[in-house]
Structure formats: structure tokens, C-alpha cells
Number of protein chains: 2
Amino acid sequence: MSKTVDIQELRRKLGEISDVHAAIALLQWDQETCMPPKGAEARSFQLATLSALEHRLLTAESLGALLYGLRERTDTLDADDAKLVEVTLHDYERAVKLPEDFVHAFAAEQSKALAVWIEARRTSDFALFQPNLETLVRLSREKADYLGYEASPYDALLEEFERGMTTAELERIFGGLAPRQSALVERIVAAGQPELPWMTGEWDEQAQWAFSLRILSDMGYDFEAGRQDKSIHPFSIYFDTGDVRVTTRIHKDALFSCLMSSIHEGGHALYMQGHADADRRTPLCDGPSLGMHESQSRMWENMIGRSLPFWRCYLPVMRELFPGRFDNIAPEDAYAAVNLVEPSLIRVEADECTYNLHIIIRFELEVALIEGKLEARDIPEAWNAKVKQYLGLDVPDDARGCLQDVHWSHGAFGYFPTYALGNLYAAQLFDAMLEQIPGLWDHVEAGTFAPVLEWLREHVHVHGRRKLAPELIRDITGHDPSPDAYVAYLERKFGELYRLDA
Amino acid sequence: MSKTVDIQELRRKLGEISDVHAAIALLQWDQETCMPPKGAEARSFQLATLSALEHRLLTAESLGALLYGLRERTDTLDADDAKLVEVTLHDYERAVKLPEDFVHAFAAEQSKALAVWIEARRTSDFALFQPNLETLVRLSREKADYLGYEASPYDALLEEFERGMTTAELERIFGGLAPRQSALVERIVAAGQPELPWMTGEWDEQAQWAFSLRILSDMGYDFEAGRQDKSIHPFSIYFDTGDVRVTTRIHKDALFSCLMSSIHEGGHALYMQGHADADRRTPLCDGPSLGMHESQSRMWENMIGRSLPFWRCYLPVMRELFPGRFDNIAPEDAYAAVNLVEPSLIRVEADECTYNLHIIIRFELEVALIEGKLEARDIPEAWNAKVKQYLGLDVPDDARGCLQDVHWSHGAFGYFPTYALGNLYAAQLFDAMLEQIPGLWDHVEAGTFAPVLEWLREHVHVHGRRKLAPELIRDITGHDPSPDAYVAYLERKFGELYRLDA
């Protein structure tokens, strides 16, 4: 076969896989937004069947043969085709390393563990979940053995979510982050909280919804290529660059919940709407890692959405949408309210200053579990000790402690650190953006986000999976992934907000 | 392999096919209700890929081997398993008769023809569409040759939509229907129309939506196993007996459009929600034919929704929802309004008395095309002559004539007659129901539809595809499919409404 014929055949096969993947994504989107309750049982069958079909297509020997043949001729391919072969071959080799029996056994354990975890969290009973956690840790270590690794089995798991990052590198990064972030939190707690009586009470739901649509539109989210719906947990999802959807939730008594989650998911969605047209229906049409994806959502949410210029711009909009509620409120008041820092037990409710500490707790426990240095049964004690160490809090029960997050019941070890990396990448990218876009804060204060979006499109979005996250960060910022930019950002911002120098 | 193992393997394979089918259905539902415009291109790829996967699974040699092996041992199977093997084998043999190249060529022609038809209808230019129609007729005759037939090639096409029915039998049935229905329409036209000035003006959209939800709920549609959305063309769709959705449309200036279409789609949906639990994820979970399916929607829409007892029940609801609009309106007035008869050019706007005449026109032309007795180029002339003959109208242009319906651009010859059969089956079933449910009209007048639904569940819904439509009609009513019940129903109802004896 000629090179051209093989590349066409590869793109045909990858298009098919991408179509099945999009169908799976739609089944999931519908499950969270539209599906009636009695559809749940059949939906789980549909998802299992389509996932198995996708796995079968992705691990087909004919695909492997095609890829190995093309790799031999990489030097004759153009840059896009060569990159496509490289990225697909990585996915293929990772997929075929896992025996099909093992994949099924793992999936079966995940289903069982999820059901048990739900009940264990409800009753705050870790002992109930402990055997499932033990099994998933054991299977995850087996998984790491199948996949192979050099230094730590955790490396092999991490690669699924954050390719290009290692356990040792994360330990170095988080080691530089934790003490500085902890120290900052201590100083903030000592400084005392602002009074925010005007934040109590209920906030009109339709106005919250209207604000979230308005801000998505201002950010440059294309509603001709997406839509917003409601779901219990906000998420964003990709079917195609022409169809990237977001969801939000509305809480009557928490004004910022809907708004900030819409900005967050909007950040993810802009990334997905911004991939290169030519990459559609190929594996290049994605971010290089979850951390890089999270950098987009966190930058929009925190660096922009929780900035003073942003609230200078949007306070008049709030006044219109919530008549009477903002009459005596200054931009500085809203800015203070949206940046309230308070150590708390629950990760998903954590502010910018404490969030990473929640992640570091999980990361340290995960590595110890996977490296065999900690037993599942010792998790509650270890968890509570770390919460005391990093956040200064006593954990009253496991529901508000080690049982709060769903990830371990999915057997998704290696996922959590990407949340913190997202914050660090966001700060590094934002520093570069501030240098390169003249008058950036004036644009934000005017509600003009096109310069930001164009910069992100050019430097991040269109590259898809062509570069790994650390490489992309280096190319854009001139630095390796590091906690410095984020810590400096926090110290500057919260130092002013809480007058820590005064 | 043991019989039990083979049946389990068959059910596993059929479950997989059914899951892929449900994913396709969701892709279609979403396309009509939620998908943003820029998602359309990728969606067509997704649908093509999933459809090809489904076809591949349905025509797999391993499935055939399993089915032929089980057929040899039918006498050792229980009744459900034996029926499952029989029905699946029918689908399998029909699918494998068509070469894969032919299936792709047909699909490609359908896509092309659809795009041309849209433009041809817009410009009312039949000549534009004629070459595509010629190709689709030629391919449909080839399809009939692949599938095989005894009397007419149209039989082979009809089987896809109305298995158990033949062209000759349809000619006999429609031959007995057309002159009687035409004669009735002539008498009605001569009798003159009622005055309905109160029907003009706009009708509140939210009230229309609320009414449609109310009536679906009253009918027994389970909103825990479904939902209603808006779409341009109303439809109902099955993912599982636990997830059957309906759509409707709302026209401000046409009160009955949303309401009657909701009842119609509700009738289809109740059928799908009513299939046997044990049949889920198998081909038994469907109606035996489109005509039988249409009997359910038309019975609810026309026999019940356009009855006087129904309007005696729902006029007070209308008064509440549309304040002031029904104050001086009697149930008899609403009953007259919802049963207005007026020969018109457009099938989808036709009333109960003229609807079948539109179908018979298409049926006669289709049979002539497929049997080679009529050329595509002669369609407009033949169409216009038949409209004059059956409806007494002159066709001003092809957009309101032979180009009005999408079906031929899909190459779906044999589909139209199922609409008329639905009306006939509905009348036959309703007569049986009237005999068997004491005080049926009192229940309708009380808005109590449980007896109707229970009767339909027991006699029609739970049987799925176990019996072909003619057999089911015979078993329930004691008669073969026939136009007599429907004509008698029309003559009785419209004779009174239009005082034809006076």
C-alpha cells in the first residue's frame, strides 16, 4: 500500500473510533441532563456495549499493523500525519498492554465499588468500602505492572491522565508548594474574615441562569456550536469542535455556585471549540493532559472571574439582574466576597488558597497506597492526620473525610494531582499572557475577552495533543512546570485582599 | 454447545445490537431536539458509523450460525426463545440478502436525493428531482430482486414496513375503501362548513404545552420513563421500555396542532412503554409493523381525542388554561372544530375523512413505479390527475403536489400505505374495545383512560413482534384487516356532525 492510502485508511479508522466515542459522550451527557430515571438500567448496558466496541476498534490488530507500518516511514510523512501516527500509536500500545480479561475485571470491580462507596459515604462507614478499596488498589498495581514503569508504579497510572509527568517530579513540585500555601492560609486565618451580610438570602434562579449565559457569550463561547443545560454536577463535554456542551447547577442560596462553575466549564469548552478543524475525528483533537485542560478552566474562573477588573465590569450587570441587591455594593465588596478564604473539609467547596492542599493530601495517600507503603485500612487515620497538618482541621467523620470523593471508587488513582497542576499551569500561562497582551486588565474591565481567547487559541488550543503538557508550558513560558507563579499570584492577590502586610 | 448456552449467547449478541440501536436513536433524538447547528456535520458521520456497526453486527456470520443451529432445535426451546429465534432469523436473512456494496450505494443515493429534493420542493421544480427519483426507483427494484418476491416487486419493499401484507391484499382493501371515502367527502363538502370565528386568533404557547403534558399524563404515559420536548416535526422514539420520549410542536395560530400531535405521539409511546419487560434488548420489543404502530397513535388521536365525550371532559381544562376563550363554547362546538373536514392538497394537514385518500394516491403511484408501469418523469401528471379524481382539487404546483413528502427521497417505497392501514386497524381494534369495555365512553368523559390502556396493553402492547399485524387483528377482532370498520366509523361520526341524513 502507498503511504497516502495507509494514511487515508488510518484516518478512516480513527474517524470511526471518534464517532463511537462521540456516541458514548452523548449517552453520558443525556444521562446527566435529560434521561428519565427508568432509563438508567438500559443506559448502563448501552454505555458498556459502546465502550467495549470502542476498545475493540482501538486495539484491532489491523490498526496496529497500519500504525507500525507508518512509523517505519515517519520521515516521508508530513508533520501532522507523523504526529497523528505517534499519538495514536501511544494510545494503541497502552490499550493493548492491558489484557481484555483484566479490563473487564477492572470494570466489574469499579461498578461494584461505586455502589458500595455511595452507601459507605451515606452512612459514613469506611469499613464498608475498605475491601473494595483494597481490591482496586491491588488491581491498579497489577495495571501498573502490565503498563510498565521505571521508578514508581504510580507513574504508570499517572500517565493516563497527565502524560509527561512523573511521581518524582510531582513530589518536587508539590514539595515546593505545600509549605508556602499552608503558611499563607495560616496568615489569612489569623487576619480574620470580612463581614458579608449582603451575601445571605436567596438569589433569583432565572437571573443566575441569565448571568451564566451572558458571561459564556462574553467569553466567546459559541452557542451555535454548543449549549448550556442543568445537571447535578457541572461538566463540559466534547462531541466535535462544532458541538461542545456545558452544564451548570443553580443553588438559590449560593450566588457564585452557578456563575463560577459556568465560567469554569466555559474555560474547558473554549479549549474544545478551539481545536484545529483539520484535527476533527482524530485523537489530536484533545488536550495533552487533564492538568492542561484544568489550566484553561481555572484561569478563566480564578485569574479572570475572581479579579477586581472583572467585578468592575460585571457589577452593573448584577445590579440589573438582581434589582436592589447590589445598590450599596462596590466592586471591591464583590471581589472580596468571591475570594473568601476559609479552610474547610470538603475539596469541591474549597477556595483558591486551600484547594491545592486538599489535592496534595490525596496525592500523598495515593502514592503510598500504590507503592505499598500504606494499607487501605489505615486510610482514615492517615487522612485525618494530613487534614490536621495541612488545613488545621479535625475531621468529624469519614463522609466529610476520606469518603468524600468518588475518584477512588472508580479506581482512578493518578487523577487528583491534575487538579493542582491545572492551577499551577494556569498561573504560569497567565503570567505569560499578561506580558504579551498590552492592557490585558483594561480589556477584562471592559468585558472584552477576545484578546485573551485569541492568545489561548494560538498558544494552547489549536495544538491539541501535539505537545505534552510540560513541553507546551516550557514553549510558552520559558519555564518548566513549577509552583512559583501560582504561589506568587496567591501571595500578591490575597496579601492585598486580607491586608497581610498591614 | 448446549441449547441454553446458545440462547444466552444469542441474547448477548442481540443485546449488543439493541444497545447500538439505542445509541443511534439517541443521536437522532438529540439531532432533532438539542443539537446546536454546527454539530450537524459530525453528527452525520456518527450516524453513518454507528449504522454501519449495527449492520455489521446484524449480518455477522457467527450470528447466522447460532440462529440456524437453534432453528434446528426449535422444538426443544420454550415459546419465547423459539419466537426470538424466528423473528431474529427473519431480520438476519433479510439483511444478508442485500450485498454490502448495494447497501452503501443505496445510502449514498438517499443522501444525494434528500439534498436535491429539499431544493426541488423549495423551488417547486420536479425536473430537478426527477433523475434522483429515477435512480431510487431503479435501485428499489434491484433491492426487490435481491430480497425476492412472488407476485410483485412491491411486495418485497412493503415487507420492510408491513410484514404479512401484500400488494394484492392492499389493492383489495384500498379498492373497498377509496370510493366509499370519496363519496362521504363529497357529501360533506356539499353540506357546507360550520362557522368557527372563535377559533381564530393566537393561543398561548405555555398553555398549549401545559395541556399537552396534562393529556399525556392522563393517558397513562409514564414521565418517569420518558419526557416531552419540542421539535420541528413531532415524533416518538424508543431507547428502552424505561425510556420512550415524545416531541411536539407549538403553533400560536393553530390550537389543535400541539394538542393532537401530543396525543398521537403519546399513543405510539404508550405502545413502546408497554412492551414486555422480558423482551427488553431483543428484537421482540417492537410492534409487528408500522401500520400496527400507527393504529395506536391514530386510535388515541382520532377515536378518543376527537370524540365528543373527550371534549365534554376537557373543555373545563381548556377554560382554565385559556381564560375567556372558551366561556361561550359548548363541548359540541369544540367537537365540531376538531373534526372539520375540508379536502386539501397537503397530506400532513388532512382530516380523518380525506387522509386515506392522500395515501391511496401515493400507493397507486408507487406500485406503478416499482412494477415499471409508470416512469418517474410522468409522476406530476399522474399525481395531479389522481388528486382531481380522489379529492376534487387542482394542484397548483409540484411543491404542493408530488414533491410535498420526504419519503421518496429516502427511497422508502412501501411506507405510505402503513399510514392508511393504521387508521383501518385502529377502527377494527376500537370496535373490539367498545364491545369488551363496559361504559367505555363514560370512562373517556371522566378522563379515566386506565381501562383503555389496560386493554391495549393486554391485547396489543405486550405481544411485541410475536404475531404479524394481520394475525394480531384477526385474533383480537375475529376479522381480517378490512376497511369496513373504518368506513362505518366515519359515516356514523361525520354523518351526525354534518347532518348528512337531514
# chains A, B, ... in the order shown; residues from 1 in each chain; ligands from 1

$ residues_around --residues "B:Glu471" --least-positions-apart "2" --cutoff "12 Å" --atoms "only C-alpha atoms" --output "ChimeraX atom specification"
/B:163-165,288-289,292,425,460,463,465-469,473-481

$ select_by_dssp --residues "stretch 124-194 of chain A" --states "alpha helix (DSSP H)" --output "PyMOL selection string"
chain A and resi 126-147+153-161+167-191

$ select_by_dssp --residues "stretch 195-357 of chain A" --states "strand (DSSP E or B)" --output "list in words"
Gln228, Asp229, Lys230, Ser236, Ile237, Tyr238, Phe239, Asp240, Asp243, Val244, Arg245, Val246, Thr247 and Thr248 of chain A

$ write_last_selection --atoms "C-alpha atoms" --output "PDB file, in the first residue's frame"
ATOM      1  CA  GLN A 228     -25.798  25.021  28.383  1.00  0.00           C
ATOM      2  CA  ASP A 229     -28.064  22.718  30.401  1.00  0.00           C
ATOM      3  CA  LYS A 230     -28.517  21.945  34.067  1.00  0.00           C
ATOM      4  CA  SER A 236     -18.320  20.148  29.871  1.00  0.00           C
ATOM      5  CA  ILE A 237     -18.270  17.586  27.091  1.00  0.00           C
ATOM      6  CA  TYR A 238     -16.936  17.264  23.559  1.00  0.00           C
ATOM      7  CA  PHE A 239     -18.708  15.604  20.630  1.00  0.00           C
ATOM      8  CA  ASP A 240     -16.932  17.620  17.928  1.00  0.00           C
ATOM      9  CA  ASP A 243     -20.678  20.614  19.385  1.00  0.00           C
ATOM     10  CA  VAL A 244     -19.147  21.254  22.806  1.00  0.00           C
ATOM     11  CA  ARG A 245     -21.679  21.480  25.636  1.00  0.00           C
ATOM     12  CA  VAL A 246     -21.539  22.786  29.179  1.00  0.00           C
ATOM     13  CA  THR A 247     -23.779  22.278  32.181  1.00  0.00           C
ATOM     14  CA  THR A 248     -24.241  24.226  35.370  1.00  0.00           C
TER      15      THR A 248
END

$ interface_residues --of "chain B" --to "chain A" --cutoff "10 Å" --atoms "only C-alpha atoms" --output "ChimeraX atom specification"
/B:15-24,26-27,30,34-50,52-53,222-227,239-245,280-281

$ residues_around --residues "A:Ser62" --least-positions-apart "6" --cutoff "12 Å" --atoms "only C-alpha atoms" --output "ChimeraX atom specification"
/A:6,9-10,13,56,68-69,92

$ residues_around --residues "A:Cys402" --least-positions-apart "4" --cutoff "7 Å" --atoms "only C-alpha atoms" --output "compact mmCIF listing (two decimals) with N, CA and C atoms, in the first residue's frame"
# COMPACT_ATOMS: atom_id res chain seq x y z
N PRO A 380 -8.25 6.14 56.88
CA PRO A 380 -8.92 7.19 57.66
C PRO A 380 -7.96 7.90 58.61
N TRP A 383 -5.53 10.01 56.59
CA TRP A 383 -6.27 11.15 56.03
C TRP A 383 -6.43 12.25 57.07
N ASP A 398 -15.90 10.10 58.39
CA ASP A 398 -15.29 9.74 57.11
C ASP A 398 -16.06 10.31 55.91

$ atom_distance --atom1 "atom CA of B:Ser409" --atom2 "atom CA of B:Leu133"
7.0 Å

$ atom_distance --atom1 "atom CA of B:Leu284" --atom2 "atom CA of B:Leu84"
6.6 Å

$ atom_distance --atom1 "atom CA of B:Phe256" --atom2 "atom CA of B:Val338"
7.1 Å

$ residues_around --residues "A:Ser124" --least-positions-apart "2" --cutoff "6 Å" --atoms "only C-alpha atoms" --output "NGL selection string"
:A and (120-122 or 398-399)

$ residues_around --residues "B:Phe102" --least-positions-apart "4" --cutoff "9 Å" --atoms "only C-alpha atoms" --output "JSON, numbers by chain"
{"B": [98, 106, 107, 139, 143]}

$ residues_around --residues "B:Ala254" --least-positions-apart "4" --cutoff "9 Å" --atoms "only C-alpha atoms" --output "PyMOL selection string"
chain B and resi 199-203+250+258

$ decode --residues "stretch 230-303 of chain A" --atoms "C-alpha atoms" --output "PDB file, in the first residue's frame"
ATOM      1  CA  LYS A 230     -28.517  21.945  34.067  1.00  0.00           C
ATOM      2  CA  SER A 231     -27.062  18.897  35.841  1.00  0.00           C
ATOM      3  CA  ILE A 232     -26.328  17.924  39.429  1.00  0.00           C
ATOM      4  CA  HIS A 233     -22.555  18.174  38.885  1.00  0.00           C
ATOM      5  CA  PRO A 234     -21.441  20.762  36.314  1.00  0.00           C
ATOM      6  CA  PHE A 235     -19.362  19.411  33.432  1.00  0.00           C
ATOM      7  CA  SER A 236     -18.320  20.148  29.871  1.00  0.00           C
ATOM      8  CA  ILE A 237     -18.270  17.586  27.091  1.00  0.00           C
ATOM      9  CA  TYR A 238     -16.936  17.264  23.559  1.00  0.00           C
ATOM     10  CA  PHE A 239     -18.708  15.604  20.630  1.00  0.00           C
ATOM     11  CA  ASP A 240     -16.932  17.620  17.928  1.00  0.00           C
ATOM     12  CA  THR A 241     -15.413  21.099  17.715  1.00  0.00           C
ATOM     13  CA  GLY A 242     -18.855  22.044  16.346  1.00  0.00           C
ATOM     14  CA  ASP A 243     -20.678  20.614  19.385  1.00  0.00           C
ATOM     15  CA  VAL A 244     -19.147  21.254  22.806  1.00  0.00           C
ATOM     16  CA  ARG A 245     -21.679  21.480  25.636  1.00  0.00           C
ATOM     17  CA  VAL A 246     -21.539  22.786  29.179  1.00  0.00           C
ATOM     18  CA  THR A 247     -23.779  22.278  32.181  1.00  0.00           C
ATOM     19  CA  THR A 248     -24.241  24.226  35.370  1.00  0.00           C
ATOM     20  CA  ARG A 249     -26.227  23.996  38.585  1.00  0.00           C
ATOM     21  CA  ILE A 250     -28.193  26.671  40.374  1.00  0.00           C
ATOM     22  CA  HIS A 251     -28.316  26.982  44.153  1.00  0.00           C
ATOM     23  CA  LYS A 252     -30.736  29.575  45.467  1.00  0.00           C
ATOM     24  CA  ASP A 253     -28.601  30.345  48.497  1.00  0.00           C
ATOM     25  CA  ALA A 254     -25.160  30.375  46.836  1.00  0.00           C
ATOM     26  CA  LEU A 255     -24.841  33.153  44.272  1.00  0.00           C
ATOM     27  CA  PHE A 256     -21.398  32.211  42.990  1.00  0.00           C
ATOM     28  CA  SER A 257     -22.009  28.483  42.553  1.00  0.00           C
ATOM     29  CA  CYS A 258     -23.723  28.695  39.157  1.00  0.00           C
ATOM     30  CA  LEU A 259     -21.764  31.693  37.974  1.00  0.00           C
ATOM     31  CA  MET A 260     -18.253  30.453  38.743  1.00  0.00           C
ATOM     32  CA  SER A 261     -18.988  26.921  37.562  1.00  0.00           C
ATOM     33  CA  SER A 262     -20.247  28.335  34.246  1.00  0.00           C
ATOM     34  CA  ILE A 263     -17.031  30.295  33.808  1.00  0.00           C
ATOM     35  CA  HIS A 264     -15.021  27.190  34.775  1.00  0.00           C
ATOM     36  CA  GLU A 265     -16.811  24.883  32.328  1.00  0.00           C
ATOM     37  CA  GLY A 266     -16.740  27.667  29.746  1.00  0.00           C
ATOM     38  CA  GLY A 267     -12.941  27.633  30.026  1.00  0.00           C
ATOM     39  CA  HIS A 268     -12.870  23.910  29.240  1.00  0.00           C
ATOM     40  CA  ALA A 269     -15.377  24.379  26.428  1.00  0.00           C
ATOM     41  CA  LEU A 270     -13.452  27.201  24.741  1.00  0.00           C
ATOM     42  CA  TYR A 271     -10.449  24.865  24.656  1.00  0.00           C
ATOM     43  CA  MET A 272     -12.522  22.191  22.909  1.00  0.00           C
ATOM     44  CA  GLN A 273     -14.220  24.582  20.495  1.00  0.00           C
ATOM     45  CA  GLY A 274     -10.745  25.890  19.647  1.00  0.00           C
ATOM     46  CA  HIS A 275      -9.084  22.715  18.372  1.00  0.00           C
ATOM     47  CA  ALA A 276      -7.902  22.758  14.770  1.00  0.00           C
ATOM     48  CA  ASP A 277     -10.562  21.977  12.182  1.00  0.00           C
ATOM     49  CA  ALA A 278      -8.217  19.587  10.394  1.00  0.00           C
ATOM     50  CA  ASP A 279      -7.837  17.529  13.587  1.00  0.00           C
ATOM     51  CA  ARG A 280     -11.553  16.700  13.872  1.00  0.00           C
ATOM     52  CA  ARG A 281     -12.357  12.984  14.223  1.00  0.00           C
ATOM     53  CA  THR A 282      -8.731  12.214  15.211  1.00  0.00           C
ATOM     54  CA  PRO A 283      -7.061  11.721  18.617  1.00  0.00           C
ATOM     55  CA  LEU A 284      -5.185  15.014  18.119  1.00  0.00           C
ATOM     56  CA  CYS A 285      -8.425  16.831  18.938  1.00  0.00           C
ATOM     57  CA  ASP A 286      -7.993  16.896  22.703  1.00  0.00           C
ATOM     58  CA  GLY A 287      -5.769  18.477  25.326  1.00  0.00           C
ATOM     59  CA  PRO A 288      -2.424  16.801  26.107  1.00  0.00           C
ATOM     60  CA  SER A 289      -3.433  16.159  29.717  1.00  0.00           C
ATOM     61  CA  LEU A 290      -6.144  16.772  32.279  1.00  0.00           C
ATOM     62  CA  GLY A 291      -3.873  19.275  34.013  1.00  0.00           C
ATOM     63  CA  MET A 292      -3.571  21.324  30.845  1.00  0.00           C
ATOM     64  CA  HIS A 293      -7.351  21.167  30.427  1.00  0.00           C
ATOM     65  CA  GLU A 294      -7.856  22.285  34.005  1.00  0.00           C
ATOM     66  CA  SER A 295      -5.448  25.193  33.415  1.00  0.00           C
ATOM     67  CA  GLN A 296      -7.964  26.625  30.966  1.00  0.00           C
ATOM     68  CA  SER A 297     -10.968  26.325  33.279  1.00  0.00           C
ATOM     69  CA  ARG A 298      -9.092  27.587  36.343  1.00  0.00           C
ATOM     70  CA  MET A 299      -7.547  30.536  34.533  1.00  0.00           C
ATOM     71  CA  TRP A 300     -10.933  31.770  33.354  1.00  0.00           C
ATOM     72  CA  GLU A 301     -12.573  31.016  36.691  1.00  0.00           C
ATOM     73  CA  ASN A 302      -9.924  32.347  39.064  1.00  0.00           C
ATOM     74  CA  MET A 303      -7.417  34.642  37.379  1.00  0.00           C
TER      75      MET A 303
END
